[in-house]
Amino acid sequence: MAQHRSAKAALPTDPPRSAGDGEPGDGALIAAASADPRAFAPLYHRYVTPVYRYCYRRVSDPDLAADLTATIFTRALEALPKFQVRESGGSTFRSWLFAIAHNVVVDTHRRRRPTGQMPDDPPDHTPGPEDLAVHGDELSRLIAALEQLPHQHRQIIELRLAGLTSAEIANTLSLTRAAVKSARTRAYARLRDLLSHPNAPTGDRS
């Protein structure tokens, strides 16, 4: 995990790694890593970029995001022998990993909240926020807009931006799929409005 320090500057623009043709699926990699922790590296490389991006969107600090990413993968490696795949219910390795990421970020918010430095804690054929804010300065606008969403809506959008499906988000946040889809639709509408009209009133973030 030490390499996260040297790679962190490039992570936000690196393409996500995923299983492709000829590459082993998560199940085979999990079995290998459970038998030998040194075999965890392929899982790390497959998911480090989306995990880092998720952390960076939550904390807006590249150094802290890199530290949190290292913590998340350390905890995942330690807990890997207990992991069980239940894909029919949305419990994939990715959703399990992002549940760990979610908890690590929430713990960080909780520890730092007294200092006042941390803010409160996406098939949809309409354009999502990632389609509306894809260039450099627009990413900053997206992060600022996310901070104006209600807490749960922001969590759902950030996990969607990290690539999780509705079922995986539901599993990560202990919600129903229907609740995720409903909240996501409202959050997308609000984000589109905020990104199209940056001076619009912030509204309720509770």
# chains A, B, ... in the order shown; residues from 1 in each chain; ligands from 1

call {"tool": "residues_around", "arguments": {"residues": "region 169-176 of chain A", "least_positions_apart": "6", "cutoff": "9 Å", "atoms": "only C-alpha atoms", "output": "list of chain:residue names"}}
result
A:Gly89, A:Gly90, A:Ser91, A:Thr92, A:Ser95, A:Trp96, A:Leu97, A:Phe98, A:Ala99, A:Ile100, A:His102, A:Pro122, A:Gln152, A:Gln155, A:Ile156, A:Leu159, A:Arg160

call {"tool": "closest_atom_pairs", "arguments": {"of": "region 163-194 of chain A", "to": "region 137-151 of chain A", "cutoff": "9 Å", "atoms": "only C-alpha atoms", "output": "CSV"}}
result
residue,atom,partner,partner_atom,distance
A:Ala187,CA,A:Leu149,CA,7.1
A:Arg190,CA,A:Leu149,CA,7.7
A:Leu191,CA,A:Ala145,CA,6.5
A:Leu194,CA,A:Ala145,CA,6.2

call {"tool": "atom_distance", "arguments": {"atom1": "CA of Val51 (chain A)", "atom2": "CA of Ala162 (chain A)"}}
result
7.1 Å

call {"tool": "closest_residue", "arguments": {"among": "A:Leu68, A:Gly25, A:Glu168, A:Ala41", "to": "Val180 (chain A)", "atoms": "only C-alpha atoms"}}
result
A:Glu168

call {"tool": "residues_around", "arguments": {"residues": "Arg38 (chain A)", "least_positions_apart": "6", "cutoff": "12 Å", "atoms": "only C-alpha atoms", "output": "VMD selection string"}}
result
chain A and resid 1 29 to 32 44 77

call {"tool": "write_last_selection", "arguments": {"atoms": "C-alpha atoms", "output": "PDB file, in the first residue's frame"}}
result
ATOM      1  CA  MET A   1       0.000   0.000   0.000  1.00  0.00           C
ATOM      2  CA  LEU A  29      -8.671 -12.655  -6.907  1.00  0.00           C
ATOM      3  CA  ILE A  30     -10.426 -12.744  -3.536  1.00  0.00           C
ATOM      4  CA  ALA A  31      -9.784 -16.492  -3.203  1.00  0.00           C
ATOM      5  CA  ALA A  32      -6.104 -15.990  -3.996  1.00  0.00           C
ATOM      6  CA  TYR A  44      -5.777  -3.061  -4.931  1.00  0.00           C
ATOM      7  CA  LEU A  77      -7.136  -6.836   3.513  1.00  0.00           C
TER       8      LEU A  77
END

call {"tool": "select_by_dssp", "arguments": {"residues": "region 56-93 of chain A", "states": "helix (DSSP H, G or I)", "output": "PyMOL selection string"}}
result
chain A and resi 56-59+62-82+87-89+93

call {"tool": "closest_residue", "arguments": {"among": "A:His197, A:Ala189, A:Ala183, A:Asp26", "to": "Gln84 (chain A)", "atoms": "only C-alpha atoms"}}
result
A:Asp26

call {"tool": "residues_around", "arguments": {"residues": "Lys181 (chain A)", "least_positions_apart": "4", "cutoff": "7 Å", "atoms": "only C-alpha atoms", "output": "list in words"}}
result
Ser166, Arg177 and Thr185 of chain A

call {"tool": "write_last_selection", "arguments": {"atoms": "C-alpha atoms", "output": "mmCIF file, in the first residue's frame"}}
result
data_model
loop_
_atom_site.group_PDB
_atom_site.id
_atom_site.type_symbol
_atom_site.label_atom_id
_atom_site.label_comp_id
_atom_site.auth_asym_id
_atom_site.auth_seq_id
_atom_site.Cartn_x
_atom_site.Cartn_y
_atom_site.Cartn_z
ATOM 1 C CA SER A 166 -27.999 1.090 -7.444
ATOM 2 C CA ARG A 177 -33.021 -0.040 -4.136
ATOM 3 C CA THR A 185 -33.400 11.076 -9.219
#

call {"tool": "closest_residue", "arguments": {"among": "A:Pro62, A:Pro81, A:Pro42, A:Pro50", "to": "Leu164 (chain A)", "atoms": "only C-alpha atoms"}}
result
A:Pro50

call {"tool": "closest_residue", "arguments": {"among": "A:Val105, A:Thr165, A:Ala179, A:Arg110", "to": "Val59 (chain A)", "atoms": "only C-alpha atoms"}}
result
A:Val105

call {"tool": "closest_residue", "arguments": {"among": "A:Ala35, A:Ala28, A:Cys55, A:Leu195", "to": "Val106 (chain A)", "atoms": "only C-alpha atoms"}}
result
A:Cys55
